[in-house]
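This is run12.cif. It holds mmCIF, C-alpha atoms.
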data_work
#
loop_
_atom_site.label_atom_id
_atom_site.label_comp_id
_atom_site.auth_asym_id
_atom_site.auth_seq_id
_atom_site.Cartn_x
_atom_site.Cartn_y
_atom_site.Cartn_z
CA MET A 1135 15.77 -12.81 -5.56
CA ILE A 1136 13.30 -9.89 -5.49
CA LYS A 1137 12.31 -9.00 -9.07
CA ILE A 1138 11.38 -5.35 -9.63
CA VAL A 1139 9.73 -3.39 -12.45
CA LEU A 1140 10.30 0.39 -12.49
CA ALA A 1141 7.55 2.59 -13.94
CA ASP A 1142 8.35 6.29 -14.31
CA ASP A 1143 8.18 8.60 -17.32
CA GLN A 1144 11.55 10.19 -16.45
CA ALA A 1145 14.46 8.10 -17.71
CA LEU A 1146 16.85 9.76 -15.26
CA VAL A 1147 14.71 8.74 -12.29
CA ARG A 1148 14.52 5.16 -13.55
CA ALA A 1149 18.28 5.05 -14.08
CA GLY A 1150 18.93 6.26 -10.53
CA PHE A 1151 16.57 3.72 -8.99
CA ARG A 1152 17.96 0.91 -11.16
CA ALA A 1153 21.57 1.65 -10.18
CA LEU A 1154 20.64 1.68 -6.50
CA LEU A 1155 18.47 -1.45 -6.52
CA ASP A 1156 20.65 -3.58 -8.80
CA ALA A 1157 23.55 -2.95 -6.41
CA GLN A 1158 21.66 -4.61 -3.54
CA PRO A 1159 22.09 -8.31 -2.81
CA GLY A 1160 18.94 -10.25 -3.55
CA MET A 1161 17.38 -7.58 -5.80
CA THR A 1162 17.21 -7.17 -9.56
CA VAL A 1163 15.40 -4.73 -11.84
CA VAL A 1164 13.93 -6.88 -14.61
CA ALA A 1165 12.29 -4.13 -16.69
CA GLU A 1166 11.59 -0.40 -16.99
CA ALA A 1167 8.34 1.25 -18.14
CA ALA A 1168 7.68 4.83 -19.20
CA ASP A 1169 3.91 4.73 -18.65
CA GLY A 1170 1.19 2.67 -17.02
CA ALA A 1171 0.24 0.62 -20.08
CA GLN A 1172 3.85 -0.46 -20.55
CA ALA A 1173 4.05 -1.28 -16.83
CA LEU A 1174 1.08 -3.64 -17.17
CA ARG A 1175 2.61 -5.38 -20.20
CA LEU A 1176 5.99 -5.78 -18.52
CA ALA A 1177 4.44 -7.02 -15.28
CA ALA A 1178 2.57 -9.70 -17.23
CA GLU A 1179 5.75 -10.67 -19.06
CA HIS A 1180 8.23 -10.66 -16.17
CA ARG A 1181 5.96 -11.45 -13.18
CA PRO A 1182 7.85 -9.18 -10.75
CA ASP A 1183 7.52 -9.27 -6.98
CA VAL A 1184 7.41 -5.46 -6.70
CA VAL A 1185 6.45 -2.63 -9.05
CA LEU A 1186 7.70 0.87 -8.25
CA MET A 1187 4.97 2.97 -9.88
CA ASP A 1188 5.05 6.72 -10.51
CA ILE A 1189 1.54 8.00 -9.82
CA ARG A 1190 1.55 10.72 -12.50
CA MET A 1191 2.66 9.64 -15.98
CA PRO A 1192 1.48 10.65 -19.48
CA GLY A 1193 -0.87 8.26 -21.22
CA MET A 1194 -2.03 5.68 -18.71
CA ASP A 1195 -1.12 7.02 -15.27
CA GLY A 1196 -0.01 5.03 -12.24
CA LEU A 1197 -3.45 5.10 -10.64
CA THR A 1198 -5.10 3.38 -13.61
CA ALA A 1199 -2.24 0.89 -13.91
CA THR A 1200 -2.54 0.04 -10.21
CA ARG A 1201 -6.28 -0.52 -10.59
CA GLU A 1202 -5.76 -2.80 -13.61
CA MET A 1203 -2.73 -4.69 -12.29
CA PRO A 1204 -3.54 -8.42 -11.99
CA PRO A 1205 -2.90 -10.15 -8.65
CA GLY A 1206 0.72 -10.92 -7.92
CA PRO A 1207 3.03 -7.89 -7.89
CA ARG A 1208 3.11 -5.63 -4.85
CA ILE A 1209 2.91 -1.98 -5.84
CA ILE A 1210 4.79 0.90 -4.22
CA ILE A 1211 3.54 4.27 -5.44
CA LEU A 1212 6.14 6.97 -6.13
CA THR A 1213 4.95 10.54 -5.63
CA THR A 1214 6.29 14.07 -5.32
CA PHE A 1215 3.82 15.03 -2.59
CA GLU A 1216 2.96 13.17 0.62
CA LEU A 1217 -0.70 14.21 0.73
CA ASP A 1218 -1.88 13.39 -2.77
CA GLU A 1219 -5.46 12.31 -3.54
CA TYR A 1220 -4.19 10.15 -6.41
CA VAL A 1221 -2.06 8.21 -3.93
CA PHE A 1222 -5.07 7.66 -1.68
CA GLU A 1223 -7.03 6.27 -4.62
CA ALA A 1224 -4.09 3.99 -5.47
CA LEU A 1225 -4.11 2.62 -1.91
CA ARG A 1226 -7.84 1.97 -2.22
CA ASN A 1227 -7.14 0.07 -5.43
CA GLY A 1228 -4.47 -2.25 -4.11
CA ALA A 1229 -1.16 -0.42 -3.72
CA SER A 1230 0.84 -1.58 -0.69
CA GLY A 1231 2.14 1.87 0.21
CA PHE A 1232 3.95 4.85 -1.18
CA LEU A 1233 7.23 6.75 -1.07
CA VAL A 1234 8.08 10.32 -1.93
CA LYS A 1235 10.64 10.47 -4.71
CA ASP A 1236 13.27 12.21 -2.60
CA THR A 1237 13.28 9.43 -0.01
CA GLU A 1238 16.64 8.30 1.37
CA PRO A 1239 18.23 5.34 -0.49
CA ALA A 1240 18.18 3.15 2.63
CA GLU A 1241 14.43 3.80 3.03
CA LEU A 1242 13.76 2.81 -0.59
CA ILE A 1243 15.68 -0.44 -0.20
CA GLN A 1244 13.91 -1.26 3.05
CA ALA A 1245 10.54 -0.44 1.49
CA VAL A 1246 11.12 -2.91 -1.34
CA ARG A 1247 12.09 -5.64 1.14
CA VAL A 1248 9.07 -4.95 3.38
CA VAL A 1249 6.57 -5.01 0.52
CA ALA A 1250 8.15 -8.05 -1.15
CA ALA A 1251 7.76 -9.90 2.16
CA GLY A 1252 4.01 -9.28 1.98
CA ASP A 1253 3.75 -6.40 4.46
CA ALA A 1254 2.21 -3.00 3.82
CA LEU A 1255 4.42 0.04 3.73
CA LEU A 1256 2.77 2.19 6.39
CA SER A 1257 5.59 4.67 6.77
CA PRO A 1258 5.64 6.69 10.01
CA GLY A 1259 2.11 7.94 10.15
CA VAL A 1260 2.16 9.44 6.66
CA THR A 1261 0.00 6.80 4.96
CA ARG A 1262 -2.56 6.96 7.76
CA ARG A 1263 -2.63 10.78 7.60
CA LEU A 1264 -3.17 10.52 3.85
CA ILE A 1265 -6.10 8.13 4.35
CA ALA A 1266 -7.58 10.33 7.08
CA GLU A 1267 -7.29 13.33 4.76
CA TYR A 1268 -9.18 11.81 1.83
CA ALA A 1269 -11.32 8.94 3.15
CA SER A 1270 -14.24 11.16 4.14
CA ARG A 1271 -14.47 12.80 0.70
CA ALA A 1272 -13.36 10.06 -1.63
CA LYS A 1273 -14.78 9.96 -5.13
CA ALA A 1274 -17.02 7.01 -6.06
CA PRO A 1275 -16.72 5.19 -2.75
CA HIS A 1276 -16.18 1.47 -2.95
CA PRO A 1277 -19.16 -0.72 -2.08
CA SER A 1278 -19.32 -0.94 1.67
CA GLN A 1279 -17.44 -3.91 3.02
CA ASP A 1280 -19.57 -6.52 4.77
CA LEU A 1281 -18.22 -6.20 8.29
CA SER A 1282 -20.84 -8.69 9.48
CA LEU A 1283 -18.42 -11.35 8.25
CA LEU A 1284 -16.07 -10.40 11.08
CA THR A 1285 -16.28 -11.61 14.65
CA GLU A 1286 -16.55 -8.98 17.36
CA ARG A 1287 -12.87 -9.47 18.18
CA GLU A 1288 -11.86 -9.10 14.52
CA ARG A 1289 -13.81 -5.83 14.34
CA GLU A 1290 -11.93 -4.58 17.40
CA VAL A 1291 -8.63 -5.55 15.79
CA LEU A 1292 -9.59 -3.91 12.48
CA THR A 1293 -10.42 -0.68 14.32
CA LEU A 1294 -7.00 -0.67 15.98
CA VAL A 1295 -5.27 -1.44 12.67
CA GLY A 1296 -7.09 1.59 11.27
CA THR A 1297 -5.70 3.81 14.01
CA GLY A 1298 -2.20 2.71 13.04
CA MET A 1299 -1.34 0.20 15.74
CA THR A 1300 1.16 -2.59 15.11
CA ASN A 1301 0.37 -6.20 16.01
CA ASP A 1302 2.41 -5.84 19.20
CA GLU A 1303 0.46 -2.71 20.21
CA ILE A 1304 -2.85 -4.40 19.43
CA ALA A 1305 -1.83 -7.40 21.52
CA GLN A 1306 -0.98 -5.16 24.45
CA ARG A 1307 -4.25 -3.21 24.17
CA LEU A 1308 -6.45 -6.33 23.93
CA PHE A 1309 -4.46 -8.49 26.37
CA MET A 1310 -3.52 -11.18 23.85
CA SER A 1311 -0.29 -12.52 22.37
CA PRO A 1312 1.21 -10.87 19.28
CA ALA A 1313 0.69 -14.17 17.42
CA THR A 1314 -3.03 -14.08 18.24
CA ALA A 1315 -3.25 -10.45 17.09
CA LYS A 1316 -1.53 -11.38 13.83
CA THR A 1317 -4.02 -14.24 13.34
CA HIS A 1318 -6.98 -11.87 13.80
CA VAL A 1319 -5.46 -9.41 11.31
CA SER A 1320 -4.90 -12.21 8.77
CA ARG A 1321 -8.47 -13.47 9.15
CA ALA A 1322 -9.87 -9.96 8.70
CA MET A 1323 -7.79 -9.53 5.54
CA MET A 1324 -9.05 -12.84 4.16
CA LYS A 1325 -12.72 -12.16 4.94
CA LEU A 1326 -12.61 -8.62 3.52
CA HIS A 1327 -10.48 -9.59 0.49
CA ALA A 1328 -7.83 -7.03 1.48
CA ARG A 1329 -4.50 -7.46 -0.24
CA ASP A 1330 -2.55 -6.22 2.76
CA ARG A 1331 -2.60 -4.03 5.85
CA ALA A 1332 -2.78 -0.78 3.86
CA GLN A 1333 -6.14 -1.84 2.42
CA LEU A 1334 -7.36 -2.79 5.90
CA VAL A 1335 -6.67 0.77 7.03
CA VAL A 1336 -8.67 2.13 4.09
CA ILE A 1337 -11.55 -0.25 4.88
CA ALA A 1338 -11.52 0.79 8.55
CA TYR A 1339 -12.07 4.42 7.48
CA GLU A 1340 -14.54 3.82 4.67
CA SER A 1341 -16.71 1.56 6.84
CA GLY A 1342 -16.82 4.18 9.59
CA LEU A 1343 -14.99 2.06 12.18
CA VAL A 1344 -12.36 4.80 12.35
CA ARG A 1345 -13.02 8.50 11.81
CA PRO A 1346 -10.56 11.17 10.64
CA GLY A 1347 -9.11 12.86 13.68
CA TRP A 1348 -8.82 9.69 15.76
CA LEU A 1349 -5.09 9.31 15.06
#

Please rewrite the model in this file as structure tokens.
Amino acid sequence: MIKIVLADDQALVRAGFRALLDAQPGMTVVAEAADGAQALRLAAEHRPDVVLMDIRMPGMDGLTATREMPPGPRIIILTTFELDEYVFEALRNGASGFLVKDTEPAELIQAVRVVAAGDALLSPGVTRRLIAEYASRAKAPHPSQDLSLLTEREREVLTLVGTGMTNDEIAQRLFMSPATAKTHVSRAMMKLHARDRAQLVVIAYESGLVRPGWL
């Protein structure tokens, strides 16, 4: 059973998401929050698999709550606009992806399943475009990741992850099996302390392995 916490300051939005998600087999909404501080408390209490987090809420916003969220829940950011600097900062701080609020119900359900399974929600090019838009002018850049920890092959794989390639595409490009590509991605994530693939994409840009305009 996938346990979900909803965080949005609009009760009507929360009610709509709850009705949709609770109707799905294998999913249950365990709590609702109206701001980021409440989301943190409820996440600690209920230990959800996924938090659907509105990026802009009064009081503590979704960006701060994402930054302060302890390890465990996967966070999907909810936003009104696709290209939103707040969303980029949330991805840098551990969110697994984002959805616009008017997304189709089937896409929301699939997103929850993908993120709960441990994958990043890199929806058709949009997340990568967002990162390309803001990576070169991010505020307070994170300390540069120590890419010297990576083997030459892992650096190659990280570069291709940053350009948006799937494991199958990476395997084809580097003449290896998809399983080997997946292993390289997993090792890069472990060495760079990346929560998931979305953070690897951010690291690829911020380290200079990938430049905006390469997509």

Suppose a student applies the PyMOL selection byres ((chain A and resi 1147) around 12) to this structure; what residues should they get, written as a PyMOL selection string? chain A and resi 1140-1146+1148-1154+1166-1168+1186-1188+1212-1213+1235-1236

Within 12 Å of Ile1189 of chain A, counting all atoms listed in the file, which residues show up once you throw out same-chain ones fewer than 6 positions away? Write them as a PyMOL selection string, please. chain A and resi 1140-1143+1168-1170+1173+1195-1201+1209-1216+1218-1225+1229+1231-1235

Evaluated on this file, the PyMOL selection byres ((chain A and resi 1343) around 10) picks out some residues - which ones are they, written as a PyMOL selection string? chain A and resi 1281+1289-1290+1292-1294+1296-1297+1335+1337-1342+1344-1345

Can you write just those residues out, C-alpha atoms, as a PDB file, in the coordinates of the input?
ATOM      1  CA  LEU A1281     -18.220  -6.200   8.290  1.00  0.00           C
ATOM      2  CA  ARG A1289     -13.810  -5.830  14.340  1.00  0.00           C
ATOM      3  CA  GLU A1290     -11.930  -4.580  17.400  1.00  0.00           C
ATOM      4  CA  LEU A1292      -9.590  -3.910  12.480  1.00  0.00           C
ATOM      5  CA  THR A1293     -10.420  -0.680  14.320  1.00  0.00           C
ATOM      6  CA  LEU A1294      -7.000  -0.670  15.980  1.00  0.00           C
ATOM      7  CA  GLY A1296      -7.090   1.590  11.270  1.00  0.00           C
ATOM      8  CA  THR A1297      -5.700   3.810  14.010  1.00  0.00           C
ATOM      9  CA  VAL A1335      -6.670   0.770   7.030  1.00  0.00           C
ATOM     10  CA  ILE A1337     -11.550  -0.250   4.880  1.00  0.00           C
ATOM     11  CA  ALA A1338     -11.520   0.790   8.550  1.00  0.00           C
ATOM     12  CA  TYR A1339     -12.070   4.420   7.480  1.00  0.00           C
ATOM     13  CA  GLU A1340     -14.540   3.820   4.670  1.00  0.00           C
ATOM     14  CA  SER A1341     -16.710   1.560   6.840  1.00  0.00           C
ATOM     15  CA  GLY A1342     -16.820   4.180   9.590  1.00  0.00           C
ATOM     16  CA  VAL A1344     -12.360   4.800  12.350  1.00  0.00           C
ATOM     17  CA  ARG A1345     -13.020   8.500  11.810  1.00  0.00           C
TER      18      ARG A1345
END

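Closest approach to Arg1321 of chain A among A:Met1135, A:Arg1287, A:Pro1159, A:Ala1165: A:Arg1287, based on all atoms listed in the file.
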
With all atoms listed in the file as the atoms that count, which of A:Ala1254, A:Ile1304, A:Met1299, A:Ala1315 lies nearest to Asp1330 of chain A?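 That would be A:Ala1254, the residue with the smallest distance to Asp1330 of chain A.
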
Straight-line distance linking atom CA of Pro1207 of chain A with atom CA of Asp1183 of chain A, stated in Å to one decimal: 4.8 Å

Might you pull out every residue within 12 Å of Gln1158 of chain A, with only C-alpha atoms counted and same-chain residues fewer than 4 positions away left off, and present them as number ranges by chain? A: 1135-1138, 1151-1154, 1162-1163, 1239-1240, 1242-1244, 1246-1247

With only C-alpha atoms as the atoms that count, which of A:Asp1302, A:Val1184, A:Gln1172, A:Gly1206 lies nearest to Leu1155 of chain A?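 The answer is A:Val1184, which sits nearest to Leu1155 of chain A.
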
Kindly give the distance, in Å, that separates atom CA of Val1295 of chain A and atom CA of Leu1334 of chain A, rounded to a single decimal.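 We find that atom CA of Val1295 of chain A and atom CA of Leu1334 of chain A lie 7.2 Å from each other.
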
Between atom CA of Val1164 of chain A and atom CA of Pro1182 of chain A, what is the spacing in Å?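 Computing the Euclidean distance for atom CA of Pro1182 of chain A and atom CA of Val1164 of chain A yields 7.6 Å.
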
Taking all atoms of segment 1296-1306 of chain A that the file lists and extending 8 Å past them on each side, where is the centre of the axis-aligned box and how long are its edges? Answer in Å to one decimal, as lines of an AutoDock Vina configuration file.
center_x = -2.3
center_y = -1.8
center_z = 17.9
size_x = 25.5
size_y = 27.2
size_z = 29.2

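When only C-alpha atoms are used to compute distances to Asn1301 of chain A, the closest of the residues A:Val1319, A:Met1191, A:Ala1332, A:Ala1245 turns out to be A:Val1319.
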
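Counting all atoms listed in the file and comparing A:Ser1230, A:Gly1298, A:Glu1241, A:Ser1311, the residue that lies closest to Gln1333 of chain A is A:Ser1230.
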